[in-house]
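**Q** First the structure, then my questions, so here it is.
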Amino acid sequence: VSSWHPYGTRDRRIPPFLLDKMPSNFLSTIFKIQAIINKTLMKSKDIDNAMHLFSSITKKSNYMYTVMFKGLITNNVAEKVLDLFDEMKIEPDQFNLSTLFNACAVLNNNRAKKTGKKLLDEMPENYRNNNITSTSAINMLMKFGDVESAERIFRSIKAKDIITYGAMVKGYVGNEMFEKALDLFEEIDIELDDVTYTIVFNCCAKLCNDRAMEIGKELLAKMPKNYGNHNVISTSAIDMLMKFGDVESAERVFRSIKAKDIITYGAMVKGYVGNETFEKALDLFEKVDIELDDVTYTIVFNCCAKLCNDRAMKIGKKLLAKMPENYRNNNITSTSAIDMLMKFGDVESAERVFRSIKGKGADIYGALMNGYNLNGESWKCFKIFEEMKEKNIIPNEIAWNILIGACSKSGMLHHCQYIVNQIPLNIQNKIRIQNALIDMWGKCGSIEKAKNVFNIVVDRDTITYNGMINAFALNGMGTQAVELYREMPNYLRDHVSQICVLNACSHAGLLHEARTIFNEISLKTESIITTMVDCLSRLFMFDEAQQLIEDYEKTNTPSIVMYS
């Protein structure tokens with residue numbers, strides 16, 4: 001092996017020639033074999049030699065299989081666990097089963113589901129009250145989305161421990177059944193461990209309703225002090241409080257942590273961004289004096305993109321210049337960097353970052369195309385789309401949505417039809433895509449095609465109706481816009497619906513309809529009044545328009561937009 005260094009530390013793998021020349025009596029001791037596989041080969045990620053050594057053992061024990069299974073899972077080759085299991089000549093014991101369930105949970109593919117459920121069906125009855133094995137089975141089933149089977153196993157366990165409860169609560173959270181997770185948590189009558197605190201804080205953060213806030217805050221108040229310096233728990237608590245909008249409490253938890261790590265800092269910065277306190281996010285970021293991870297780069301790039309002022313531009317560009325080379329091929333981090341630069345209007349730098357990435361995914365292409373749309377260079381999106389086709393990169397729903405947006409801005413029917421013809425049917429049936437298509441056809445003057453899409457939308461939402469009303473407005477079809485507005489369920493109407501229909505009336509000269517709709521609106525925002533003023537002015541009703549402005553200014557600061 002050319003990379004073998006007998007006196008160095010660059011490669012700790014045992015070369016095959018040494019394995020082959022080992023005395024047979026050396027390999028006779030099971031503990032020595034286990035030590036070589038587990039402590040040396042698996043730790044140095046030398047899977048091939050581990051498999052080679054394992055295959056040389058004539059009488060393999062359950063313990064040795066467990067060592068191999070665990071090593072393969074740790075090295076992210078769980079598929080090899082199932083390969084090895086298929087060759088297994090002895091009955092799996094409870095430790096084998098636990099590890100096999102873990103491998104199936106990690107894989108979560110058809111083969112894993114078939115193997116995992118078969119193992120579970122054939123598992124001896126006496127193993128079912130082994131909490132470690134049952135907990136692994138529960139975790140596996142929850143990963144498969146088979147909540148009912150997981151619940152059946154949980155109910156069958158006589159003496160439940162906190163790890164078993166934790167697996168169930170975590171499984172409910174993973175399947176987005178947050179209320180069920182809290183129901184079970186409230187039934188726990190044994191002492192909680194650190195993992196359970198973390199899981200429940202995460203659940204409350206996801207649910208984020210009154211019940212979750214009450215449970216989360218009460219749990220935090222009762223948490224033993226020794227858990228306060230447990231960074232994983234504290235980070236989950238910070239994330240939860242930030243999701244609740246309770247920034248002050250999150251800051252108190254953060255200050256109480258003695259040894260802060262980059263994940264804790266990341267949670268705080270992300271929380272500030274989520275609560276739109278971007279300057280505070282950058283203030284804290286500038287205090288970080290430890291090595292950054294990829295998540296922190298992503299969060300700070302997102303923050304700078306949102307803030308988009310001189311300070312944000314300076315920090316964002318400086319951070320990008322210092323970013324280690326290995327992070328540049330992290331698609332999530334690079335997507336955030338491209339998005340940030342595009343928000344800054346620095347298209348050239350965004351293109352340079354894009355070109356420097358070796359393994360580009362659909363999200364990277366999407367970020368670049370979205371940036372072109374933002375910077376008035378939508379025509380470039382079609383060139384990027386052709387590059388994606390050449391490299392066999394399939395656009396995801398977000399990328400298709402961005403491409404449809406580019407078509408809307410171009411206003412060219414042949415571009416629109418060319419893109420639509422290539423959108424897969426399963427994507428075309430997504431409501432987000434259908435809404436974008438209605439907007440696109442409306443802006444391109446193809447009202448019939450907009451109506452055709454509108455008619456096939458099954459569950460129309462506010463955006464669907466608003467898009468169609470606006471399409472009518474853009475094409476001078478004020479009467480149809482008013483009719484659709486009247487058909488629209490009241491609970492779906494928002495201020496955008498009202499602005500769209502008033503615009504339609506304005507362009508079609510429908511004064512009576514505009515007045516009627518305007519008078520029906522209970523909350524008349526600045527935008528709605530401005531739209532009505534525009535409608536009245538277009539129809540030479542200047543006195544009435546002036547009266548609206550004066551009435552508005554009695555209780556509000558004068559708006560320049562109303563006079564323009």
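Following the order of the structure tokens, first chain is A, next is B, and so on, with residues numbered from 1 inside each chain and ligands from 1 in the order they appear.
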Leaving out Val295 in chain A and any residue of its chain fewer than 6 positions from it, which residues lie within 10 Å of it when counting only C-alpha atoms, given as a PDB file with C-alpha atoms, in the first residue's frame?

**A**
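What ended up in result-v2.pdb:
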ATOM      1  CA  ILE A 262     -19.786  27.518  18.746  1.00  0.00           C
ATOM      2  CA  ILE A 263     -23.151  25.707  18.695  1.00  0.00           C
ATOM      3  CA  GLY A 266     -24.871  29.837  16.723  1.00  0.00           C
ATOM      4  CA  ALA A 267     -28.203  29.287  18.515  1.00  0.00           C
ATOM      5  CA  LYS A 270     -29.853  32.412  14.802  1.00  0.00           C
ATOM      6  CA  PHE A 301     -24.479  35.159   5.858  1.00  0.00           C
ATOM      7  CA  ILE A 332     -25.809  25.042   2.279  1.00  0.00           C
ATOM      8  CA  THR A 333     -23.081  27.522   3.291  1.00  0.00           C
TER       9      THR A 333
END

**Q** Near range 335-345 of chain A, within 7 Å and counting only C-alpha atoms, which residues show up once chain neighbours fewer than 5 positions away are dropped, as number ranges by chain?

**A** A: 298, 301-302, 304-305, 308, 313, 350, 353, 363-364, 367-368, 371, 375

**Q** DSSP says helix (DSSP H, G or I) for which residues of range 138-204 of chain A? Put them as a PDB file with N, CA and C atoms, in the first residue's frame?

**A**
ATOM      1  N   ILE A 138     -38.245   0.816  18.810  1.00  0.00           N
ATOM      2  CA  ILE A 138     -39.138   1.991  18.781  1.00  0.00           C
ATOM      3  C   ILE A 138     -38.537   3.094  17.906  1.00  0.00           C
ATOM      4  N   ASN A 139     -37.253   3.346  18.116  1.00  0.00           N
ATOM      5  CA  ASN A 139     -36.561   4.376  17.332  1.00  0.00           C
ATOM      6  C   ASN A 139     -36.619   4.051  15.837  1.00  0.00           C
ATOM      7  N   MET A 140     -36.394   2.787  15.498  1.00  0.00           N
ATOM      8  CA  MET A 140     -36.433   2.353  14.098  1.00  0.00           C
ATOM      9  C   MET A 140     -37.821   2.560  13.490  1.00  0.00           C
ATOM     10  N   LEU A 141     -38.826   2.109  14.179  1.00  0.00           N
ATOM     11  CA  LEU A 141     -40.196   2.218  13.674  1.00  0.00           C
ATOM     12  C   LEU A 141     -40.620   3.679  13.512  1.00  0.00           C
ATOM     13  N   MET A 142     -40.221   4.518  14.455  1.00  0.00           N
ATOM     14  CA  MET A 142     -40.535   5.945  14.355  1.00  0.00           C
ATOM     15  C   MET A 142     -39.860   6.565  13.127  1.00  0.00           C
ATOM     16  N   LYS A 143     -38.608   6.133  12.848  1.00  0.00           N
ATOM     17  CA  LYS A 143     -37.904   6.629  11.651  1.00  0.00           C
ATOM     18  C   LYS A 143     -38.625   6.178  10.375  1.00  0.00           C
ATOM     19  N   PHE A 144     -39.227   4.972  10.434  1.00  0.00           N
ATOM     20  CA  PHE A 144     -39.986   4.457   9.292  1.00  0.00           C
ATOM     21  C   PHE A 144     -41.328   5.186   9.137  1.00  0.00           C
ATOM     22  N   VAL A 147     -45.775   4.815  13.394  1.00  0.00           N
ATOM     23  CA  VAL A 147     -45.996   5.253  14.780  1.00  0.00           C
ATOM     24  C   VAL A 147     -46.816   4.234  15.561  1.00  0.00           C
ATOM     25  N   GLU A 148     -47.835   3.653  14.919  1.00  0.00           N
ATOM     26  CA  GLU A 148     -48.714   2.695  15.607  1.00  0.00           C
ATOM     27  C   GLU A 148     -47.940   1.486  16.131  1.00  0.00           C
ATOM     28  N   SER A 149     -47.050   0.937  15.301  1.00  0.00           N
ATOM     29  CA  SER A 149     -46.248  -0.229  15.738  1.00  0.00           C
ATOM     30  C   SER A 149     -45.319   0.154  16.883  1.00  0.00           C
ATOM     31  N   ALA A 150     -44.752   1.362  16.814  1.00  0.00           N
ATOM     32  CA  ALA A 150     -43.884   1.848  17.898  1.00  0.00           C
ATOM     33  C   ALA A 150     -44.681   1.961  19.195  1.00  0.00           C
ATOM     34  N   GLU A 151     -45.919   2.457  19.093  1.00  0.00           N
ATOM     35  CA  GLU A 151     -46.778   2.592  20.282  1.00  0.00           C
ATOM     36  C   GLU A 151     -47.102   1.220  20.876  1.00  0.00           C
ATOM     37  N   ARG A 152     -47.327   0.230  19.997  1.00  0.00           N
ATOM     38  CA  ARG A 152     -47.635  -1.128  20.490  1.00  0.00           C
ATOM     39  C   ARG A 152     -46.466  -1.693  21.292  1.00  0.00           C
ATOM     40  N   ILE A 153     -45.246  -1.513  20.787  1.00  0.00           N
ATOM     41  CA  ILE A 153     -44.064  -2.003  21.506  1.00  0.00           C
ATOM     42  C   ILE A 153     -43.922  -1.265  22.832  1.00  0.00           C
ATOM     43  N   PHE A 154     -44.120   0.057  22.802  1.00  0.00           N
ATOM     44  CA  PHE A 154     -43.991   0.866  24.012  1.00  0.00           C
ATOM     45  C   PHE A 154     -44.968   0.397  25.089  1.00  0.00           C
ATOM     46  N   ARG A 155     -46.215   0.136  24.686  1.00  0.00           N
ATOM     47  CA  ARG A 155     -47.234  -0.318  25.649  1.00  0.00           C
ATOM     48  C   ARG A 155     -46.894  -1.687  26.229  1.00  0.00           C
ATOM     49  N   SER A 156     -46.211  -2.526  25.437  1.00  0.00           N
ATOM     50  CA  SER A 156     -45.899  -3.898  25.879  1.00  0.00           C
ATOM     51  C   SER A 156     -44.754  -3.955  26.892  1.00  0.00           C
ATOM     52  N   ILE A 162     -36.438   6.000  31.457  1.00  0.00           N
ATOM     53  CA  ILE A 162     -36.468   7.338  30.847  1.00  0.00           C
ATOM     54  C   ILE A 162     -35.961   7.317  29.396  1.00  0.00           C
ATOM     55  N   ILE A 163     -35.095   6.345  29.086  1.00  0.00           N
ATOM     56  CA  ILE A 163     -34.576   6.243  27.714  1.00  0.00           C
ATOM     57  C   ILE A 163     -35.696   5.806  26.765  1.00  0.00           C
ATOM     58  N   THR A 164     -36.541   4.875  27.254  1.00  0.00           N
ATOM     59  CA  THR A 164     -37.675   4.404  26.448  1.00  0.00           C
ATOM     60  C   THR A 164     -38.667   5.541  26.224  1.00  0.00           C
ATOM     61  N   TYR A 165     -38.988   6.270  27.299  1.00  0.00           N
ATOM     62  CA  TYR A 165     -39.876   7.438  27.161  1.00  0.00           C
ATOM     63  C   TYR A 165     -39.282   8.447  26.173  1.00  0.00           C
ATOM     64  N   GLY A 166     -37.979   8.667  26.319  1.00  0.00           N
ATOM     65  CA  GLY A 166     -37.298   9.625  25.438  1.00  0.00           C
ATOM     66  C   GLY A 166     -37.411   9.244  23.975  1.00  0.00           C
ATOM     67  N   ALA A 167     -37.252   7.929  23.692  1.00  0.00           N
ATOM     68  CA  ALA A 167     -37.354   7.448  22.305  1.00  0.00           C
ATOM     69  C   ALA A 167     -38.744   7.700  21.736  1.00  0.00           C
ATOM     70  N   MET A 168     -39.771   7.495  22.545  1.00  0.00           N
ATOM     71  CA  MET A 168     -41.150   7.727  22.098  1.00  0.00           C
ATOM     72  C   MET A 168     -41.414   9.200  21.853  1.00  0.00           C
ATOM     73  N   VAL A 169     -41.017  10.040  22.805  1.00  0.00           N
ATOM     74  CA  VAL A 169     -41.243  11.493  22.651  1.00  0.00           C
ATOM     75  C   VAL A 169     -40.496  12.005  21.417  1.00  0.00           C
ATOM     76  N   LYS A 170     -39.249  11.563  21.275  1.00  0.00           N
ATOM     77  CA  LYS A 170     -38.442  11.970  20.113  1.00  0.00           C
ATOM     78  C   LYS A 170     -39.082  11.488  18.812  1.00  0.00           C
ATOM     79  N   GLY A 171     -39.624  10.278  18.834  1.00  0.00           N
ATOM     80  CA  GLY A 171     -40.296   9.729  17.653  1.00  0.00           C
ATOM     81  C   GLY A 171     -41.520  10.538  17.262  1.00  0.00           C
ATOM     82  N   TYR A 172     -42.304  10.931  18.247  1.00  0.00           N
ATOM     83  CA  TYR A 172     -43.473  11.778  17.971  1.00  0.00           C
ATOM     84  C   TYR A 172     -43.033  13.110  17.346  1.00  0.00           C
ATOM     85  N   VAL A 173     -41.977  13.695  17.905  1.00  0.00           N
ATOM     86  CA  VAL A 173     -41.461  14.967  17.382  1.00  0.00           C
ATOM     87  C   VAL A 173     -40.994  14.788  15.935  1.00  0.00           C
ATOM     88  N   GLY A 174     -40.253  13.683  15.684  1.00  0.00           N
ATOM     89  CA  GLY A 174     -39.761  13.402  14.340  1.00  0.00           C
ATOM     90  C   GLY A 174     -40.874  13.223  13.328  1.00  0.00           C
ATOM     91  N   PHE A 178     -46.529  16.763  17.659  1.00  0.00           N
ATOM     92  CA  PHE A 178     -45.992  17.474  18.821  1.00  0.00           C
ATOM     93  C   PHE A 178     -46.923  17.407  20.029  1.00  0.00           C
ATOM     94  N   GLU A 179     -48.219  17.487  19.795  1.00  0.00           N
ATOM     95  CA  GLU A 179     -49.165  17.417  20.922  1.00  0.00           C
ATOM     96  C   GLU A 179     -49.087  16.052  21.604  1.00  0.00           C
ATOM     97  N   LYS A 180     -48.969  14.988  20.797  1.00  0.00           N
ATOM     98  CA  LYS A 180     -48.832  13.631  21.363  1.00  0.00           C
ATOM     99  C   LYS A 180     -47.549  13.518  22.185  1.00  0.00           C
ATOM    100  N   ALA A 181     -46.495  14.176  21.690  1.00  0.00           N
ATOM    101  CA  ALA A 181     -45.209  14.163  22.403  1.00  0.00           C
ATOM    102  C   ALA A 181     -45.367  14.791  23.784  1.00  0.00           C
ATOM    103  N   LEU A 182     -46.086  15.902  23.842  1.00  0.00           N
ATOM    104  CA  LEU A 182     -46.288  16.576  25.134  1.00  0.00           C
ATOM    105  C   LEU A 182     -47.246  15.787  26.023  1.00  0.00           C
ATOM    106  N   ASP A 183     -48.252  15.140  25.413  1.00  0.00           N
ATOM    107  CA  ASP A 183     -49.156  14.281  26.199  1.00  0.00           C
ATOM    108  C   ASP A 183     -48.358  13.204  26.922  1.00  0.00           C
ATOM    109  N   LEU A 184     -47.466  12.534  26.181  1.00  0.00           N
ATOM    110  CA  LEU A 184     -46.665  11.461  26.786  1.00  0.00           C
ATOM    111  C   LEU A 184     -45.697  12.026  27.814  1.00  0.00           C
ATOM    112  N   PHE A 185     -45.093  13.153  27.502  1.00  0.00           N
ATOM    113  CA  PHE A 185     -44.150  13.765  28.444  1.00  0.00           C
ATOM    114  C   PHE A 185     -44.826  14.033  29.783  1.00  0.00           C
ATOM    115  N   ASP A 194     -30.780  14.207  30.746  1.00  0.00           N
ATOM    116  CA  ASP A 194     -30.431  15.355  29.906  1.00  0.00           C
ATOM    117  C   ASP A 194     -31.050  15.257  28.508  1.00  0.00           C
ATOM    118  N   VAL A 195     -31.113  14.033  27.969  1.00  0.00           N
ATOM    119  CA  VAL A 195     -31.667  13.845  26.617  1.00  0.00           C
ATOM    120  C   VAL A 195     -33.141  14.233  26.578  1.00  0.00           C
ATOM    121  N   THR A 196     -33.882  13.862  27.597  1.00  0.00           N
ATOM    122  CA  THR A 196     -35.315  14.156  27.634  1.00  0.00           C
ATOM    123  C   THR A 196     -35.567  15.666  27.697  1.00  0.00           C
ATOM    124  N   TYR A 197     -34.785  16.372  28.510  1.00  0.00           N
ATOM    125  CA  TYR A 197     -34.908  17.838  28.537  1.00  0.00           C
ATOM    126  C   TYR A 197     -34.706  18.411  27.127  1.00  0.00           C
ATOM    127  N   THR A 198     -33.676  17.940  26.460  1.00  0.00           N
ATOM    128  CA  THR A 198     -33.370  18.440  25.112  1.00  0.00           C
ATOM    129  C   THR A 198     -34.516  18.165  24.147  1.00  0.00           C
ATOM    130  N   ILE A 199     -35.038  16.932  24.166  1.00  0.00           N
ATOM    131  CA  ILE A 199     -36.122  16.543  23.251  1.00  0.00           C
ATOM    132  C   ILE A 199     -37.372  17.390  23.493  1.00  0.00           C
ATOM    133  N   VAL A 200     -37.730  17.567  24.769  1.00  0.00           N
ATOM    134  CA  VAL A 200     -38.959  18.318  25.089  1.00  0.00           C
ATOM    135  C   VAL A 200     -38.799  19.799  24.739  1.00  0.00           C
ATOM    136  N   PHE A 201     -37.624  20.380  24.986  1.00  0.00           N
ATOM    137  CA  PHE A 201     -37.393  21.773  24.570  1.00  0.00           C
ATOM    138  C   PHE A 201     -37.537  21.906  23.052  1.00  0.00           C
ATOM    139  N   ASN A 202     -36.997  20.930  22.309  1.00  0.00           N
ATOM    140  CA  ASN A 202     -37.115  20.949  20.846  1.00  0.00           C
ATOM    141  C   ASN A 202     -38.574  20.842  20.405  1.00  0.00           C
ATOM    142  N   CYS A 203     -39.319  19.978  21.102  1.00  0.00           N
ATOM    143  CA  CYS A 203     -40.750  19.804  20.795  1.00  0.00           C
ATOM    144  C   CYS A 203     -41.512  21.107  21.019  1.00  0.00           C
ATOM    145  N   CYS A 204     -41.278  21.739  22.152  1.00  0.00           N
ATOM    146  CA  CYS A 204     -41.956  23.008  22.475  1.00  0.00           C
ATOM    147  C   CYS A 204     -41.587  24.099  21.464  1.00  0.00           C
TER     148      CYS A 204
END

**Q** Within 9 Å of Leu437 in chain A, counting only C-alpha atoms, which residues qualify if same-chain residues fewer than 6 places away don't, as a ChimeraX atom specification?

**A** /A:401,404-405,408,420,428,449-450,453-454

**Q** Tell me, as a short mmCIF file (atom, residue, chain, number, x, y, z; two decimals) with N, CA and C atoms, in the first residue's frame, which residues lie within 12 Å of range 98-115 of chain A, counting only C-alpha atoms; anything in the same chain fewer than 6 positions away does not count.

**A**
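Contents of the output file out08.cif:
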data_model
loop_
_atom_site.label_atom_id
_atom_site.label_comp_id
_atom_site.auth_asym_id
_atom_site.auth_seq_id
_atom_site.Cartn_x
_atom_site.Cartn_y
_atom_site.Cartn_z
N ASN A 62 -21.53 -13.76 18.55
CA ASN A 62 -22.49 -12.65 18.50
C ASN A 62 -21.81 -11.34 18.87
N TYR A 63 -20.91 -11.43 19.84
CA TYR A 63 -20.21 -10.23 20.29
C TYR A 63 -19.40 -9.61 19.15
N TYR A 65 -19.95 -9.89 15.98
CA TYR A 65 -20.88 -9.29 15.02
C TYR A 65 -21.32 -7.90 15.51
N THR A 66 -21.58 -7.78 16.80
CA THR A 66 -21.99 -6.49 17.37
C THR A 66 -20.88 -5.45 17.17
N VAL A 67 -19.63 -5.86 17.43
CA VAL A 67 -18.48 -4.96 17.23
C VAL A 67 -18.43 -4.48 15.79
N MET A 68 -18.59 -5.40 14.84
CA MET A 68 -18.56 -5.04 13.42
C MET A 68 -19.73 -4.14 13.05
N PHE A 69 -20.93 -4.52 13.50
CA PHE A 69 -22.13 -3.72 13.17
C PHE A 69 -21.96 -2.27 13.64
N LYS A 70 -21.52 -2.12 14.90
CA LYS A 70 -21.36 -0.78 15.47
C LYS A 70 -20.32 0.03 14.70
N GLY A 71 -19.20 -0.62 14.38
CA GLY A 71 -18.14 0.06 13.64
C GLY A 71 -18.59 0.53 12.27
N LEU A 72 -19.36 -0.30 11.59
CA LEU A 72 -19.85 0.06 10.25
C LEU A 72 -20.85 1.21 10.32
N ILE A 73 -21.72 1.20 11.32
CA ILE A 73 -22.69 2.31 11.49
C ILE A 73 -21.94 3.61 11.77
N THR A 74 -20.95 3.53 12.67
CA THR A 74 -20.16 4.73 13.02
C THR A 74 -19.46 5.30 11.79
N ASN A 75 -19.06 4.42 10.87
CA ASN A 75 -18.35 4.86 9.67
C ASN A 75 -19.29 5.14 8.49
N ASN A 76 -20.58 5.28 8.79
CA ASN A 76 -21.59 5.66 7.79
C ASN A 76 -21.70 4.67 6.62
N VAL A 77 -21.50 3.40 6.92
CA VAL A 77 -21.71 2.37 5.89
C VAL A 77 -22.69 1.33 6.44
N ALA A 78 -23.87 1.82 6.84
CA ALA A 78 -24.87 0.95 7.47
C ALA A 78 -25.37 -0.14 6.51
N GLU A 79 -25.29 0.11 5.21
CA GLU A 79 -25.73 -0.88 4.22
C GLU A 79 -24.90 -2.16 4.37
N LYS A 80 -23.60 -2.02 4.72
CA LYS A 80 -22.72 -3.18 4.92
C LYS A 80 -23.14 -4.00 6.14
N VAL A 81 -23.82 -3.35 7.09
CA VAL A 81 -24.33 -4.08 8.27
C VAL A 81 -25.34 -5.13 7.79
N LEU A 82 -26.23 -4.71 6.89
CA LEU A 82 -27.24 -5.65 6.39
C LEU A 82 -26.61 -6.73 5.52
N ASP A 83 -25.58 -6.36 4.77
CA ASP A 83 -24.85 -7.36 3.97
C ASP A 83 -24.26 -8.44 4.89
N LEU A 84 -23.65 -7.97 5.98
CA LEU A 84 -23.01 -8.88 6.94
C LEU A 84 -24.06 -9.74 7.64
N PHE A 85 -25.20 -9.11 7.96
CA PHE A 85 -26.29 -9.85 8.62
C PHE A 85 -26.81 -10.99 7.72
N ASP A 86 -26.89 -10.72 6.41
CA ASP A 86 -27.37 -11.74 5.46
C ASP A 86 -26.46 -12.97 5.44
N PRO A 92 -29.14 -14.11 15.91
CA PRO A 92 -28.77 -12.83 16.54
C PRO A 92 -29.25 -12.77 17.98
N ASP A 121 -40.59 -9.03 13.97
CA ASP A 121 -41.63 -10.07 14.03
C ASP A 121 -41.08 -11.38 14.59
N GLU A 122 -39.82 -11.68 14.27
CA GLU A 122 -39.22 -12.95 14.69
C GLU A 122 -38.48 -12.85 16.02
N MET A 123 -38.46 -11.67 16.63
CA MET A 123 -37.70 -11.47 17.87
C MET A 123 -38.30 -12.30 19.01
N TYR A 127 -36.88 -11.07 24.71
CA TYR A 127 -36.12 -9.86 24.39
C TYR A 127 -36.99 -8.60 24.45
N ARG A 128 -38.30 -8.79 24.42
CA ARG A 128 -39.20 -7.63 24.30
C ARG A 128 -39.22 -6.77 25.56
N ASN A 130 -36.46 -6.30 27.23
CA ASN A 130 -35.12 -5.70 27.34
C ASN A 130 -35.23 -4.27 26.82
N ASN A 131 -35.07 -3.31 27.70
CA ASN A 131 -35.34 -1.92 27.33
C ASN A 131 -34.44 -1.39 26.21
N ILE A 132 -33.19 -1.86 26.19
CA ILE A 132 -32.27 -1.37 25.15
C ILE A 132 -32.74 -1.83 23.77
N THR A 133 -33.09 -3.12 23.67
CA THR A 133 -33.55 -3.68 22.40
C THR A 133 -34.87 -3.04 21.97
N SER A 134 -35.81 -2.93 22.91
CA SER A 134 -37.13 -2.36 22.60
C SER A 134 -37.02 -0.88 22.21
N THR A 135 -36.13 -0.17 22.90
CA THR A 135 -35.94 1.26 22.57
C THR A 135 -35.38 1.42 21.16
N SER A 136 -34.43 0.55 20.79
CA SER A 136 -33.89 0.57 19.42
C SER A 136 -34.98 0.28 18.40
N ALA A 137 -35.86 -0.66 18.74
CA ALA A 137 -36.97 -1.01 17.84
C ALA A 137 -37.94 0.16 17.69
N ILE A 138 -38.25 0.82 18.81
CA ILE A 138 -39.14 1.99 18.78
C ILE A 138 -38.54 3.09 17.91
N ASN A 139 -37.25 3.35 18.12
CA ASN A 139 -36.56 4.38 17.33
C ASN A 139 -36.62 4.05 15.84
N MET A 140 -36.39 2.79 15.50
CA MET A 140 -36.43 2.35 14.10
C MET A 140 -37.82 2.56 13.49
N LEU A 141 -38.83 2.11 14.18
CA LEU A 141 -40.20 2.22 13.67
C LEU A 141 -40.62 3.68 13.51
N MET A 142 -40.22 4.52 14.46
CA MET A 142 -40.54 5.95 14.35
C MET A 142 -39.86 6.56 13.13
N LYS A 143 -38.61 6.13 12.85
CA LYS A 143 -37.90 6.63 11.65
C LYS A 143 -38.63 6.18 10.37
N PHE A 144 -39.23 4.97 10.43
CA PHE A 144 -39.99 4.46 9.29
C PHE A 144 -41.33 5.19 9.14
N GLY A 145 -41.73 5.94 10.17
CA GLY A 145 -43.04 6.60 10.16
C GLY A 145 -44.15 5.68 10.62
N ASP A 146 -43.79 4.50 11.16
CA ASP A 146 -44.78 3.52 11.63
C ASP A 146 -45.04 3.76 13.12
N GLY A 171 -39.62 10.28 18.83
CA GLY A 171 -40.30 9.73 17.65
C GLY A 171 -41.52 10.54 17.26
#

**Q** Which residue is closest to Leu403 in chain A? Choose from A:Phe382, A:Phe54, A:Tyr418, A:Tyr465 and count only C-alpha atoms.

**A** A:Phe382

**Q** So which residues touch Lys524 in chain A within 12 Å, counting only C-alpha atoms, skipping near sequence neighbours fewer than 2 positions away, as a list in words?

**A**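 The residues that qualify are Asp494, His495, Val496, Gln498, Ile499, Ile517, Phe518, Asn519, Glu520, Ile521, Ser522, Glu526, Ser527, Ile528, Ile529, Thr530, Thr531, Met532, Leu548, Asp551 and Tyr552 of chain A.
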
**Q** For the selection you just gave me, I'd like the residues written to a file as a PDB file, in the first residue's frame, keeping C-alpha atoms.

**A**
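Done, and the output landed in result33.pdb:
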ATOM      1  CA  ASP A 494     -56.311  39.956   2.921  1.00  0.00           C
ATOM      2  CA  HIS A 495     -55.083  43.494   2.196  1.00  0.00           C
ATOM      3  CA  VAL A 496     -53.381  42.256  -1.004  1.00  0.00           C
ATOM      4  CA  GLN A 498     -58.281  44.344  -1.600  1.00  0.00           C
ATOM      5  CA  ILE A 499     -55.443  46.251  -3.318  1.00  0.00           C
ATOM      6  CA  ILE A 517     -65.487  47.480  -1.983  1.00  0.00           C
ATOM      7  CA  PHE A 518     -63.540  50.316  -0.311  1.00  0.00           C
ATOM      8  CA  ASN A 519     -66.433  51.086   2.059  1.00  0.00           C
ATOM      9  CA  GLU A 520     -66.677  47.389   3.015  1.00  0.00           C
ATOM     10  CA  ILE A 521     -63.034  47.272   4.130  1.00  0.00           C
ATOM     11  CA  SER A 522     -62.882  47.649   7.927  1.00  0.00           C
ATOM     12  CA  GLU A 526     -52.042  53.297   3.961  1.00  0.00           C
ATOM     13  CA  SER A 527     -51.657  51.044   0.892  1.00  0.00           C
ATOM     14  CA  ILE A 528     -55.420  50.557   0.490  1.00  0.00           C
ATOM     15  CA  ILE A 529     -56.130  54.290   0.823  1.00  0.00           C
ATOM     16  CA  THR A 530     -53.324  55.058  -1.654  1.00  0.00           C
ATOM     17  CA  THR A 531     -54.857  52.593  -4.152  1.00  0.00           C
ATOM     18  CA  MET A 532     -58.312  54.202  -3.756  1.00  0.00           C
ATOM     19  CA  LEU A 548     -59.564  60.806   1.544  1.00  0.00           C
ATOM     20  CA  ASP A 551     -59.138  62.272   6.502  1.00  0.00           C
ATOM     21  CA  TYR A 552     -56.098  59.964   6.613  1.00  0.00           C
TER      22      TYR A 552
END

**Q** Neighbours of Ser410 in chain A within 10 Å (only C-alpha atoms; same-chain residues fewer than 2 positions away dropped), as an NGL selection string?

**A** :A and (373 or 376-379 or 404-408 or 412-413 or 415-416 or 440 or 443-444)

**Q** Using only C-alpha atoms for the distances, tell me which of A:Ala281, A:Met323, A:Ile188, A:Ala399 is nearest to Lys160 in chain A.

**A**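 The shortest atom-to-atom distance to Lys160 in chain A comes from A:Ile188.
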
**Q** Go through A:Ile456, A:Leu374, A:Phe472, A:Arg328 and flag the residue nearest Arg352 in chain A, using only C-alpha atoms for the distances.

**A**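 Closest to Arg352 in chain A of all the choices is A:Arg328.
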
**Q** With only C-alpha atoms as the basis for distance, which of A:Arg538, A:Thr462, A:Met268, A:Ile215 is at the shortest distance from Ser249 in chain A?

**A**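 Selected residue with least distance to Ser249 in chain A: A:Met268.
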
**Q** Which residues come within 10 Å of Gly228 in chain A, counting only C-alpha atoms, excluding same-chain residues fewer than 6 positions away, as a list in words?

**A**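 The contact residues come out as Leu220, Ser234, Thr235, Ala237, Val253, Phe254, Ser256, Ile257 and Lys258 of chain A.
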
**Q** Go through A:Ile419, A:Ala212, A:Ala159, A:Val300 and flag the residue nearest Leu241 in chain A, using only C-alpha atoms for the distances.

**A**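 The closest residue to Leu241 in chain A is A:Ala212.
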